[in-house]
Each structure stands twice: as structure tokens, then as C-alpha cells.
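These notes are about the structure you will find just below.
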Amino acid sequence: MAIFSWGFHGNFLQWLCLAAAGIMIWEFVFYYVLTDVLMLLDWQTNRGTVGGKQLSGKATILMFAVMVGVRFLFWLNWFPGLLSKDTFGQIQQAIGNVPYSNHHSWLHTMLIRAFLTGGVYQHRIALMSLTDLVFSSVLLLWILHHYYERTSIRMWLPAAVVYTLGPLHCIFSVSIRKDPFFAYAVLGYTLVLLLMEEQSRKEGKPRWYMWPVYIVATFLFCFLRTNGLYAWVLALPFLLWHFRKQLKGWLISVGICLLLIVTYKSVILPGFHVIEPDIVESLSVPLQQIAYTIQKDGEFSEYDKEIIGNIVDMELMGEYYTEWMSDPVKNIIRGSGHQEYIGENKGEFIKMYLSVGMKNPVEYMTAFLFQSRGYWHQKSTDFLYYENGVYSGASELGIVRAPLLPAGISGKIDSLMELYEDAWNTFWSLALNTYVVVVLWIYAMIKRKCCFHFIPLAGIFVTLIIATPVGNMFRYVYGIYLVLPLLALQTGVEGMKAETD
């Protein structure tokens, strides 16, 4: 921490010098290390190919049995499924105890409601997590089956092991939180784009049934998590440019998607009286930058102090600043401040925010890096899943963790998962997810392979770091982690060249 912090204090010139040195170091890393990695990928993609054979029916059934069987063991151990405090809040909405809110995906809340209709809540939650287990297994198995004849065995086998036996994929498959649902929406959306590209390359255009599949995949991608919509919009121009030879079909499908998005946002949500997230929820990073500047006794004009004072007490805002999480600052504004002032005076708030930033650029940059560093700083760690299984407050509805395995076996599984979590945080990280995506993307561009499917992931990453409420949360980037094996498999596919005209 001391080394990391030192780089962001001092004058602005010192910071620029450190940034320049960092760029030169990364250039060295990419030139020497990345070159060797790309040579290894070349070796893998050109040797040991499957030879065009399809995965046999018996092998497919066996893989599915193993995949479901391993996940079923996790389901038995964390029965009825993983359920956090946030998910309990959605359950309260789903059964009508509190008003609907879109703070957490209302679409996901409605999915929970569909499962909770009738019956004992404990059993209905178990049914939902079991259904998630099966459907996620089907999707992963389909991907492995599809790529078995298209890539090298050395690329396929690691992906098969990770997707079939990976503990994090297993435990997230029995979670009813919105994060794994969004992650599988990201995986499905990426897969749909790749299938449409493959069909366009071989047959001149996507098959007719892919258009409605794309529309459904887009809707889930956009509304199972807030930043999905922004990531889709950011990727849209690149998507239309890539598929410009089939522009008519894409414009029609995108038009339908936009119509659905507008209808959902302006008709369906208001029609069900769904409350949108409060304004401070979308200002995590700006509020953190202002609070950090206050804490470090930065420079403020009288105008700046007046605007901030209209929102919350400045001294209190600086006192509650926490470098890795924005909730303390947001909650103090919600509790003793006047966040409605921001909504009623957006122009004044933006003017103040820019004014403070111009006078305190180092503080703004430091606060931004602290808030987002878990997604790019290799040494950042995080808990990977909800270890308690079920939020304690859910017991009022009769929902409690009740393992269906003997206590001794259940305890050993818990211990093994703790060891795995420690090992994951030692040898992997949230940031390494980002680096692997970058390496695969660079490799695809060097080999002139199709690489437009990286754009939605880039959109997710960009929207996350500019608005993240927490600086190192695995569940926020589980979608990227889940897609990594698919990206590796696609990178090994020969013949997927980018358009040259």
C-alpha cells in the first residue's frame, strides 16, 4: 500500500514522470513477454488439432453428467442456494413487502418472483438455483461441443476443465444473485455475435433464427445489470460497422432492440411503479473524488464550498471518505444531506465538479485510481463468493442455509473452497482477467482475426471503472471471467480473419 500510495502524492510533475516511467516499463513487458506468449499461442493453435471430428454423443452425455454432478454437489452443500443481502431485498420486492426498485435489476427481481409464486420459499429458492444450475450447464456444454471440432485440443482441454470443474463456476451456478445471471447474459451475447459472424463468413449472412435470438440476448445483456445497457450502446457503432455488408438486417434488429429498450424504460417500469436508483448511486466516482480532495485539504473556491454545502456538510463528507468504497459518502448524503439538490441543479453540480477538478487534478486522479484499482492493479484481492450461503435476515421468511450433506463432508467442502479462494487470490486476480482479455485481443489483431466480439467486454470494463461503487468486487467482473475460456477457444479458431476491404 505504501508503494502504491507514494506514486500519487506530491506535485503534478512528479506524477507525470511516474506515469511516463510506467508506460516505458509496460512497453518493455509487452515487447518481450507478450511476444513469447503469442508464440506459445501460435504453437498451440497449429498443433494437436482435433481434426474436424465432432464430440461423440456418449462423450457429450458423460461431460454433461459430470458438469451437472459437480454442480449438484455444490447445490447440496449450499442448499437452497447462495442468497445475499441484496438478493433478500429483491425477494422482499418480489413478494410485495416493499415497493419495486430498479436499484438491483428489476428484470431479475421478476424472475425471482416467478419462482416464488406459491409454495415454501426455501423450496422455491432451491428450485430456482437448481434450474440455474441446469441451464448454465447446457450453455457451457454447447460451447464446448461447438468448439471441439474448430480449435486445437490444447486450447479445448483447458477450457473444458475450467468450464466443467471450475469451483467458481460451480458455486456461481447455484447462486440466485443477479451477478451470475448477468454473467451468463454476457456469455450468451458474446456467443451469439460469434455465431452470427461464423454464419456470415460461411453463408454470406446470419441464419434467419439468429435475429430473434440476438434481440433476446441483447435485452438480457442490457437489463440484467445497469452497465450492460451502456456497454451495448458503446459497442453498437463497431457492431454495425463490422456487419455493414448485412446492414439492412442489422438495422432492423437493432431498431427492434431500441424499441424494446425504450418501451421497457419508459412504459413497463413506470407502469409497475418501479423506483429508479437515487441520483447519488450513479455518482460514485465523482463523489469519491470530491470527498478525497476535501480529506486532503485541497483547494476550493467559495463557490465550490457553497455548492457542496448545499448537498452535505463538507467536513463530514471528507471524514466519511473510504478509498475503496463509495457507500459511506453516498449514505451520509442520503442520511443527513440533500441529494435532491443535485437533481434540481445538475448544471451547478457539474460546474462545481469541474472547477474542483481543475484546481486539484492529482487528488481527482488519485481518488479515481483508488476507486478502480482492483480491476487493473494486480495485487488487489477480494472475497469471491458469499461464503455464508444465505443472508441471515432471510430467516424471517424461512430461508436458511441447510446443507443436505453430512456435516463432516459439508465442512470439508467449505474448507476446500476457502483454500481455493486463497489460491485464486494468490495466483490470479481481478486485474489478471483484464490483462488476459487484452493479450487475446492483441493476438487477434496481430493475426488479423475477427476481434469485434471484444468490444462489449471493453464496454463493460469501461462503464465499470468510471462508475464502480466498490474498487475490488469479483462479482462485478464475473462476466469477464466467465467469457475468458470462450475467448481463448475463439482465438484458436483458424480462418476467422478480419475483413480487409
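Going through the C-alpha cells in order, the chains are called A, B, and so on, while each chain numbers its residues from 1 and the ligands are numbered from 1 in the order shown.
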Please return as number ranges by chain: the residues of range 204-443 of chain A that backbone DSSP assigns to strand (DSSP E or B). A: 275, 322, 325, 390
Tell me which protein, DNA and RNA residues are within 12 Å of Asn331 in chain A, counting only C-alpha atoms, leaving out same-chain ones fewer than 4 positions away, and put them as a PyMOL selection string. chain A and resi 278-281+284+287+312+316-317+320-322+325-327+335-339+469
Env of Trp250 in chain A: 12 Å cut, atoms = only C-alpha atoms, seq-sep filter 2 positions within chain, self excluded. Answer as number ranges by chain. A: 193, 196, 205-206, 208, 210-212, 214-215, 236-237, 239-248, 252-258
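The nearest approach to Leu464 in chain A among the residues A:Ile480, A:Leu191, A:Leu157, A:Ala94, with only C-alpha atoms taken into account, belongs to A:Ile480.
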Secondary structure check, helix (DSSP H, G or I) residues of range 165-372 of chain A, as a PyMOL selection string: chain A and resi 165+167-172+178-203+210-223+227-242+244-271+279-295+302-311+314-319+327-336+340-344+346-359+361-372
